[in-house]
$ cat upload_7.txt   # compact mmCIF, C-alpha atoms and all ligand atoms
# COMPACT_ATOMS: atom_id res chain seq x y z
CA MET A 1 19.18 -12.55 1.08
CA ASN A 2 20.16 -16.01 2.27
CA LEU A 3 17.20 -18.37 2.27
CA SER A 4 19.17 -21.59 2.72
CA SER A 5 17.88 -22.16 6.25
CA LEU A 6 14.36 -20.91 5.53
CA ASP A 7 11.30 -22.84 6.64
CA TRP A 8 9.85 -23.31 3.13
CA ALA A 9 6.92 -25.31 4.48
CA ALA A 10 5.89 -22.28 6.56
CA VAL A 11 6.14 -19.86 3.62
CA THR A 12 4.13 -22.24 1.41
CA ARG A 13 1.44 -22.69 4.07
CA LEU A 14 1.17 -18.93 4.62
CA ARG A 15 0.98 -18.22 0.91
CA GLU A 16 -1.85 -20.74 0.55
CA ILE A 17 -3.76 -19.04 3.38
CA PHE A 18 -3.30 -15.61 1.74
CA LEU A 19 -4.35 -16.88 -1.69
CA GLU A 20 -7.45 -18.45 -0.25
CA GLY A 21 -8.35 -15.06 1.28
CA GLY A 22 -11.58 -14.44 3.18
CA PRO A 23 -11.96 -13.75 6.90
CA GLN A 24 -9.48 -15.82 8.93
CA ARG A 25 -11.06 -17.29 12.00
CA ARG A 26 -7.83 -17.76 13.93
CA ALA A 27 -4.28 -16.48 14.02
CA TYR A 28 -2.11 -18.36 11.53
CA TRP A 29 1.29 -17.41 12.94
CA THR A 30 2.41 -20.52 14.82
CA SER A 31 6.00 -19.57 15.77
CA PRO A 32 8.62 -16.80 15.43
CA ALA A 33 10.08 -18.95 12.61
CA ASP A 34 6.87 -18.38 10.60
CA LEU A 35 7.29 -14.63 10.99
CA HIS A 36 10.97 -14.77 10.15
CA ALA A 37 10.28 -16.76 6.96
CA TYR A 38 7.44 -14.40 5.99
CA ASP A 39 9.52 -11.30 6.70
CA LEU A 40 12.31 -12.40 4.34
CA THR A 41 10.03 -13.42 1.47
CA LEU A 42 6.34 -12.49 1.21
CA GLY A 43 6.83 -9.58 3.60
CA GLU A 44 9.79 -8.28 1.63
CA ARG A 45 7.67 -8.26 -1.55
CA ILE A 46 5.09 -6.17 0.32
CA GLY A 47 7.98 -3.91 1.34
CA TRP A 48 8.68 -3.22 -2.36
CA LYS A 49 5.09 -2.02 -2.80
CA TRP A 50 5.58 0.30 0.16
CA ASP A 51 8.82 1.54 -1.41
CA ALA A 52 6.84 2.67 -4.49
CA VAL A 53 4.24 4.51 -2.40
CA LEU A 54 6.80 6.11 -0.10
CA ALA A 55 9.05 7.19 -2.98
CA GLU A 56 6.12 9.09 -4.45
CA LEU A 57 5.14 10.71 -1.14
CA THR A 58 8.67 11.78 -0.24
CA ALA A 59 9.33 13.06 -3.78
CA ALA A 60 6.21 15.22 -3.40
CA GLY A 61 7.53 16.55 -0.09
CA TRP A 62 4.66 15.10 1.94
CA LYS A 63 5.28 13.72 5.42
CA PRO A 64 2.97 12.46 8.14
CA PRO A 65 2.19 14.71 11.12
CA ALA A 66 4.62 14.34 14.04
CA GLY A 67 3.41 11.92 16.72
CA PRO A 68 3.15 8.16 17.25
CA LEU A 69 3.02 5.65 14.42
CA VAL A 70 0.53 2.79 14.80
CA ASP A 71 1.05 -0.33 12.66
CA PHE A 72 -2.33 -2.11 12.68
CA GLY A 73 -2.26 -5.82 11.74
CA CYS A 74 1.52 -5.48 11.83
CA GLY A 75 2.44 -9.11 11.09
CA SER A 76 6.25 -9.11 10.97
CA GLY A 77 6.19 -5.30 10.99
CA VAL A 78 7.53 -4.66 7.50
CA ALA A 79 5.13 -1.80 6.69
CA GLY A 80 5.84 0.22 9.82
CA ARG A 81 9.59 -0.23 9.36
CA ARG A 82 9.44 0.95 5.73
CA VAL A 83 7.49 4.06 6.78
CA ILE A 84 9.95 4.90 9.56
CA ALA A 85 12.91 4.40 7.22
CA ALA A 86 11.31 6.68 4.60
CA PHE A 87 10.45 9.63 6.86
CA GLY A 88 13.11 9.12 9.53
CA ALA A 89 12.64 7.85 13.08
CA GLY A 90 12.74 11.47 14.28
CA GLN A 91 9.37 12.09 12.61
CA PHE A 92 7.67 9.80 15.13
CA SER A 93 7.44 9.90 18.90
CA ALA A 94 6.88 6.13 19.21
CA LEU A 95 6.03 2.97 17.29
CA ARG A 96 2.89 1.19 18.50
CA LEU A 97 2.24 -2.30 17.17
CA HIS A 98 -1.10 -4.03 17.08
CA ASP A 99 -1.99 -7.47 15.76
CA ARG A 100 -4.47 -10.07 16.85
CA SER A 101 -1.43 -12.36 17.14
CA GLY A 102 0.83 -11.72 20.14
CA LEU A 103 3.60 -13.65 18.34
CA ALA A 104 3.43 -11.13 15.49
CA GLU A 105 3.51 -8.15 17.86
CA SER A 106 6.61 -9.50 19.66
CA PHE A 107 8.42 -10.29 16.42
CA ALA A 108 7.66 -6.86 14.90
CA LEU A 109 8.72 -5.13 18.12
CA GLY A 110 12.05 -7.01 18.17
CA ARG A 111 12.85 -6.16 14.53
CA ALA A 112 11.94 -2.49 15.02
CA ARG A 113 14.18 -2.26 18.11
CA GLU A 114 17.10 -3.71 16.15
CA LEU A 115 16.70 -1.15 13.37
CA PHE A 116 15.52 1.92 15.30
CA PRO A 117 16.94 1.53 18.82
CA ASP A 118 16.19 5.16 19.74
CA LEU A 119 12.51 5.04 18.82
CA PRO A 120 10.33 3.92 21.74
CA GLY A 121 8.34 0.86 20.68
CA SER A 122 5.47 -0.96 22.39
CA VAL A 123 2.43 -3.12 21.79
CA LEU A 124 -0.87 -1.29 21.42
CA GLY A 125 -3.36 -3.50 23.24
CA ALA A 126 -7.00 -3.95 22.26
CA ALA A 127 -8.28 -1.93 25.24
CA GLU A 128 -6.31 1.19 24.27
CA LEU A 129 -7.10 0.73 20.59
CA GLU A 130 -10.80 0.51 21.35
CA GLY A 131 -10.69 3.57 23.62
CA ASP A 132 -11.34 7.06 22.37
CA GLY A 133 -7.91 8.73 22.48
CA PRO A 134 -6.12 10.01 19.38
CA LEU A 135 -4.05 7.42 17.53
CA GLY A 136 -1.42 9.32 15.54
CA THR A 137 -0.47 8.12 12.07
CA MET A 138 -1.80 4.68 11.17
CA VAL A 139 -0.11 2.20 8.86
CA ILE A 140 -2.28 -0.57 7.49
CA SER A 141 -1.04 -3.20 5.08
CA HIS A 142 -2.58 -6.29 3.53
CA VAL A 143 -5.20 -6.78 6.20
CA LEU A 144 -8.59 -5.99 4.66
CA SER A 145 -9.15 -9.22 2.76
CA GLU A 146 -8.92 -11.28 5.93
CA MET A 147 -11.29 -9.12 7.97
CA ALA A 148 -15.00 -9.74 8.37
CA GLU A 149 -17.34 -6.84 7.58
CA ARG A 150 -17.81 -6.04 11.27
CA ASP A 151 -14.03 -5.83 11.83
CA ARG A 152 -13.61 -3.62 8.78
CA ALA A 153 -16.22 -1.21 10.14
CA GLN A 154 -14.37 -1.15 13.45
CA LEU A 155 -11.07 -0.48 11.67
CA VAL A 156 -12.61 2.54 9.93
CA ARG A 157 -13.69 3.79 13.38
CA PHE A 158 -10.06 3.48 14.54
CA VAL A 159 -8.87 5.40 11.48
CA ARG A 160 -11.28 8.23 12.38
CA ARG A 161 -9.09 8.77 15.47
CA ALA A 162 -5.89 8.95 13.40
CA THR A 163 -4.13 12.10 12.22
CA ALA A 164 -3.13 10.37 8.99
CA VAL A 165 -3.31 6.92 7.45
CA LEU A 166 -1.04 5.17 4.97
CA TRP A 167 -2.76 2.06 3.65
CA VAL A 168 -1.52 -0.48 1.09
CA GLU A 169 -3.45 -3.53 -0.08
CA PRO A 170 -2.98 -6.10 -2.87
CA GLY A 171 -3.98 -4.73 -6.27
CA THR A 172 -7.06 -6.89 -6.77
CA HIS A 173 -10.49 -5.65 -7.81
CA ALA A 174 -11.94 -6.59 -4.41
CA ASP A 175 -9.19 -4.92 -2.35
CA SER A 176 -9.23 -1.77 -4.46
CA ARG A 177 -13.01 -1.51 -4.15
CA ALA A 178 -12.76 -1.99 -0.38
CA LEU A 179 -10.23 0.86 -0.19
CA ILE A 180 -12.48 3.06 -2.32
CA ALA A 181 -15.29 2.43 0.18
CA VAL A 182 -12.96 3.55 3.00
CA ARG A 183 -12.03 6.67 1.03
CA GLU A 184 -15.68 7.55 0.49
CA ALA A 185 -16.45 7.06 4.20
CA LEU A 186 -13.58 9.30 5.30
CA ARG A 187 -13.11 11.99 2.66
CA GLY A 188 -15.38 14.40 4.58
CA GLU A 189 -12.90 14.52 7.48
CA PHE A 190 -9.63 13.78 5.70
CA GLU A 191 -7.70 15.30 2.84
CA VAL A 192 -6.98 12.62 0.23
CA ILE A 193 -3.22 12.83 -0.28
CA ALA A 194 -2.78 9.92 -2.72
CA PRO A 195 -3.39 8.23 -5.08
CA CYS A 196 -6.24 10.61 -5.96
CA THR A 197 -5.64 13.94 -7.62
CA HIS A 198 -8.88 15.34 -6.18
CA CYS A 199 -11.16 15.01 -3.15
CA GLU A 200 -14.43 14.51 -5.05
CA ALA A 201 -16.30 11.20 -5.22
CA CYS A 202 -14.17 8.44 -6.76
CA GLY A 203 -14.68 8.30 -10.54
CA LEU A 204 -14.63 4.50 -10.41
CA LEU A 205 -17.99 4.58 -8.63
CA ALA A 206 -19.66 5.52 -11.92
CA PRO A 207 -21.87 2.54 -12.88
CA GLU A 208 -20.07 2.03 -16.21
CA ARG A 209 -16.77 1.65 -14.30
CA ALA A 210 -17.92 -1.22 -12.08
CA ALA A 211 -15.51 -3.70 -13.68
CA ASP A 212 -12.48 -1.42 -13.23
CA TRP A 213 -10.28 -0.84 -10.22
CA CYS A 214 -7.57 1.47 -8.94
CA HIS A 215 -4.23 -0.33 -8.94
CA PHE A 216 -0.57 0.20 -9.67
CA PHE A 217 2.60 -1.83 -10.03
CA GLY A 218 5.65 -1.80 -7.80
CA ARG A 219 9.17 -2.40 -9.09
CA PRO A 220 11.19 -5.09 -7.35
CA PRO A 221 14.89 -4.22 -7.00
CA TRP A 222 16.70 -5.40 -10.13
CA GLU A 223 19.25 -7.47 -8.10
CA ILE A 224 16.62 -10.05 -7.20
CA PHE A 225 16.43 -11.25 -10.81
CA THR A 226 19.97 -12.61 -10.58
CA ASP A 227 19.68 -13.85 -7.00
CA PRO A 228 19.40 -17.68 -6.81
CA ASN A 229 17.48 -17.42 -3.53
CA TRP A 230 14.72 -15.36 -5.13
CA SER A 231 14.67 -17.73 -8.13
CA GLU A 232 14.12 -20.60 -5.72
CA PHE A 233 11.37 -18.63 -3.97
CA ALA A 234 9.65 -17.93 -7.30
CA GLN A 235 9.88 -21.55 -8.37
CA ARG A 236 8.76 -23.12 -5.12
CA LEU A 237 5.79 -20.80 -4.72
CA GLY A 238 4.91 -20.25 -8.37
CA VAL A 239 5.28 -16.47 -7.98
CA ASP A 240 6.03 -14.15 -10.91
CA LEU A 241 8.62 -11.86 -9.34
CA ARG A 242 8.05 -9.12 -11.95
CA SER A 243 4.40 -8.65 -11.04
CA LEU A 244 3.75 -6.52 -7.98
CA PRO A 245 0.23 -5.07 -8.16
CA PHE A 246 -1.06 -2.96 -5.29
CA SER A 247 -3.73 -0.46 -4.32
CA PHE A 248 -3.16 2.29 -1.79
CA LEU A 249 -4.67 5.20 0.04
CA VAL A 250 -3.06 8.04 1.99
CA LEU A 251 -5.23 10.40 4.02
CA GLN A 252 -4.47 13.27 6.37
CA ARG A 253 -6.93 14.74 8.84
CA ARG A 254 -7.99 18.24 7.80
CA SER A 255 -7.74 19.59 11.33
CA GLU A 256 -4.03 18.61 11.25
CA GLY A 257 -3.48 21.44 8.80
CA ALA A 258 -3.33 19.05 5.86
CA ALA A 259 -2.65 20.82 2.62
CA SER A 260 -4.52 19.48 -0.38
CA SER A 261 -2.94 16.56 -2.20
CA PRO A 262 0.40 17.41 -3.86
CA ALA A 263 -1.09 15.82 -6.98
CA THR A 264 -4.15 18.10 -7.15
CA GLY A 265 -5.08 18.94 -10.72
CA LEU A 266 -2.89 16.23 -12.26
CA SER A 267 -4.00 13.03 -13.97
CA ARG A 268 -3.01 9.62 -12.67
CA THR A 269 -2.48 6.55 -14.81
CA LEU A 270 -4.29 3.53 -13.39
CA GLY A 271 -2.90 0.05 -14.02
CA ARG A 272 -0.56 -0.22 -17.02
CA ALA A 273 -0.78 1.72 -20.26
CA ARG A 274 -1.49 -0.45 -23.32
CA VAL A 275 1.17 0.35 -25.87
CA TYR A 276 0.54 -0.29 -29.60
CA LYS A 277 2.48 0.58 -32.74
CA GLY A 278 2.44 4.36 -32.91
CA TYR A 279 0.14 5.07 -29.98
CA ALA A 280 -0.69 4.12 -26.38
CA LYS A 281 -3.97 3.89 -24.50
CA ILE A 282 -3.93 5.09 -20.93
CA PHE A 283 -6.56 4.60 -18.27
CA ALA A 284 -6.47 8.04 -16.67
CA CYS A 285 -8.05 9.40 -13.50
CA ASP A 286 -8.59 13.07 -12.65
CA ALA A 287 -11.23 15.32 -11.13
CA GLY A 288 -13.29 14.94 -14.33
CA GLY A 289 -13.60 11.16 -13.87
CA VAL A 290 -11.89 8.01 -15.07
CA GLY A 291 -11.57 7.09 -18.72
CA GLU A 292 -9.29 5.96 -21.49
CA VAL A 293 -7.16 8.54 -23.30
CA MET A 294 -4.81 8.08 -26.24
CA LEU A 295 -1.27 9.34 -26.65
CA GLN A 296 0.15 9.39 -30.19
CA LYS A 297 3.84 8.51 -30.49
CA ARG A 298 4.39 11.42 -32.90
CA ASP A 299 2.97 13.90 -30.36
CA ALA A 300 5.32 12.84 -27.56
CA PRO A 301 7.96 10.29 -28.64
CA GLU A 302 9.84 10.36 -25.34
CA HIS A 303 6.72 9.83 -23.30
CA TYR A 304 5.61 7.04 -25.64
CA LYS A 305 8.99 5.32 -25.13
CA ALA A 306 8.72 5.69 -21.35
CA LEU A 307 5.26 4.10 -21.48
CA LYS A 308 6.63 1.26 -23.61
CA ASP A 309 9.49 0.66 -21.15
CA GLY A 310 7.10 0.84 -18.18
CA GLU A 311 8.94 3.89 -16.91
CA SER A 312 6.50 6.74 -17.34
CA PRO A 313 5.71 8.66 -14.14
CA PRO A 314 2.27 7.85 -12.68
CA LEU A 315 1.18 11.51 -12.56
CA GLN A 316 0.82 13.73 -15.60
CA ARG A 317 -0.46 17.09 -16.63
CA TRP A 318 -2.15 16.58 -20.00
CA ARG A 319 -3.28 18.94 -22.68
CA ARG A 320 -6.45 17.29 -23.96
CA GLU A 321 -8.11 17.39 -27.33
CA GLY A 322 -11.08 15.09 -26.85
CA ASP A 323 -9.63 11.70 -25.96
CA ARG A 324 -6.23 12.60 -27.35
CA VAL A 325 -3.61 13.81 -24.86
CA ARG A 326 -0.18 15.40 -24.97
CA PRO A 327 1.96 15.75 -21.84
CA LEU A 328 2.58 19.33 -20.73
C1 LIG A 401 -1.19 -10.71 5.54
S1 LIG A 401 -0.69 -10.24 7.12
C2 LIG A 401 0.05 -8.66 6.75
C3 LIG A 401 1.01 -8.28 7.78
C4 LIG A 401 1.68 -6.93 7.57
N1 LIG A 401 0.75 -5.84 7.79
C5 LIG A 401 2.32 -6.85 6.21
O1 LIG A 401 1.88 -6.04 5.38
O2 LIG A 401 3.25 -7.62 5.95
C6 LIG A 401 -2.20 -9.73 7.94
C7 LIG A 401 -2.00 -9.46 9.43
O3 LIG A 401 -3.20 -8.89 9.94
C8 LIG A 401 -3.48 -9.51 11.19
N2 LIG A 401 -4.94 -9.39 11.41
C9 LIG A 401 -5.94 -9.94 10.69
N3 LIG A 401 -7.14 -9.57 11.18
C10 LIG A 401 -6.90 -8.76 12.23
C11 LIG A 401 -7.72 -8.05 13.16
N4 LIG A 401 -9.05 -8.13 13.10
N5 LIG A 401 -7.13 -7.31 14.12
C12 LIG A 401 -5.77 -7.24 14.20
N6 LIG A 401 -4.94 -7.87 13.34
C13 LIG A 401 -5.49 -8.63 12.37
C14 LIG A 401 -2.99 -10.92 11.03
O4 LIG A 401 -2.76 -11.55 12.27
C15 LIG A 401 -1.71 -10.69 10.23
O5 LIG A 401 -0.61 -10.48 11.07

$ encode --input "upload_7.txt" --output "structure tokens" --more "lines below"
Ligand SMILES: C[S@@+](CC[C@H](N)C(=O)[O-])C[C@H]1O[C@@H](n2cnc3c(N)ncnc32)[C@H](O)[C@@H]1O
Amino acid sequence: MNLSSLDWAAVTRLREIFLEGGPQRRAYWTSPADLHAYDLTLGERIGWKWDAVLAELTAAGWKPPAGPLVDFGCGSGVAGRRVIAAFGAGQFSALRLHDRSGLAESFALGRARELFPDLPGSVLGAAELEGDGPLGTMVISHVLSEMAERDRAQLVRFVRRATAVLWVEPGTHADSRALIAVREALRGEFEVIAPCTHCEACGLLAPERAADWCHFFGRPPWEIFTDPNWSEFAQRLGVDLRSLPFSFLVLQRRSEGAASSPATGLSRTLGRARVYKGYAKIFACDAGGVGEVMLQKRDAPEHYKALKDGESPPLQRWRREGDRVRPL
């Protein structure tokens, strides 16, 4: 990445807007240069979160139903592009881009055409979006926190017309809880593909779990830690490049022949395991609920080491003895 000609003032201004959060009253993209600067920096970091989600989905053999791909709130279009790259342009009949900013739609369309020249791309205007036709697979990324309650409700109505949705948000308590609310609203019509290992009510809705949230950590590519451009980015914006928390949700409409989640019956680790001398505590989610379990180093030394190195897979099949677990 070469950031020497980057508009740092634009990236800084955008970052401040995102940190402030809350419903944005007007579009904040002021020029294609804003979108270009975002795409190379903040957008690329979001791309790494998508890489984590898509690696898991493709490893499990899941793919979205054939048909159009709609990137809602596309910004510079990074999320839609990552999804197309992961499943192949041939999986989709078209890319439809929607944003309240026309500048964003044009930028995202241009980038997609450069990368996927054979995939028909077009803007999805408000009139068509608000109609009642089917929408195909929807991609939604880092939009919820800037939407007012009314707009969120409308977005859920759009998703009801989708065959599948892939949705990634920042890994904050508020964003995770907002995604859980979406999951609860839609799980009657949709199969929950990920991150859940079951389709029952979310275990985090138990009153004693109110302070917890469903989040994970992406892994930036190792090269960035020796790249002077990324060091400059981190310094200028005060960003810790190692930390990439996100929440996500993948749903597929039941009438689309969705099989149950590839992770059904497994246990998912939420957040990061806490590793102590000789044992680790894991916040685990499965059909039985969400709670802390303990893994003893002597029961599973390799798994303990993977947890310590931050390399243990997010899904596990445990043998449980009370709170104590051993990987199967
Ligand atoms: C933080 S950016 C994320 C962009 C992109 N999805 C990504 O992940 O990089 C949020 C985008 O959502 C758009 N947006 C916010 N509220 C919207 C709404 N009600 N309808 C359509 N787009 C909206 C903004 O214009 C902006 O492009």

$ residues_near_ligand --input "upload_7.txt" --ligand "ligand LIG 401 (chain A)" --cutoff "7 Å" --atoms "only C-alpha atoms and all ligand atoms" --output "VMD selection string"
chain A and resid 18 27 to 28 43 46 72 to 79 98 to 101 104 140 to 143 146 to 147 151

$ atom_distance --input "upload_7.txt" --atom1 "atom CA of Val165 of chain A" --atom2 "atom CA of Phe107 of chain A"
22.7 Å

$ closest_residue --input "upload_7.txt" --among "A:Arg253, A:Arg268, A:His215, A:Arg13" --to "Met138 of chain A" --atoms "all atoms listed in the file"
A:Arg253

$ closest_atom_pairs --input "upload_7.txt" --of "segment 177-248 of chain A" --to "segment 298-316 of chain A" --cutoff "10 Å" --atoms "all atoms listed in the file" --output "CSV"
residue,atom,partner,partner_atom,distance
A:Pro195,CA,A:Leu315,CA,9.4
A:Cys196,CA,A:Leu315,CA,10.0
A:Thr197,CA,A:Leu315,CA,8.8
A:Phe216,CA,A:Pro314,CA,8.7
A:Phe217,CA,A:Gly310,CA,9.7
A:Arg219,CA,A:Gly310,CA,9.9

$ closest_residue --input "upload_7.txt" --among "A:Ala194, A:Met294, A:Leu266, A:Leu135" --to "Glu56 of chain A" --atoms "only C-alpha atoms"
A:Ala194

$ closest_residue --input "upload_7.txt" --among "A:Leu179, A:Ser243, A:Leu57, A:Phe233" --to "Ala37 of chain A" --atoms "only C-alpha atoms"
A:Phe233
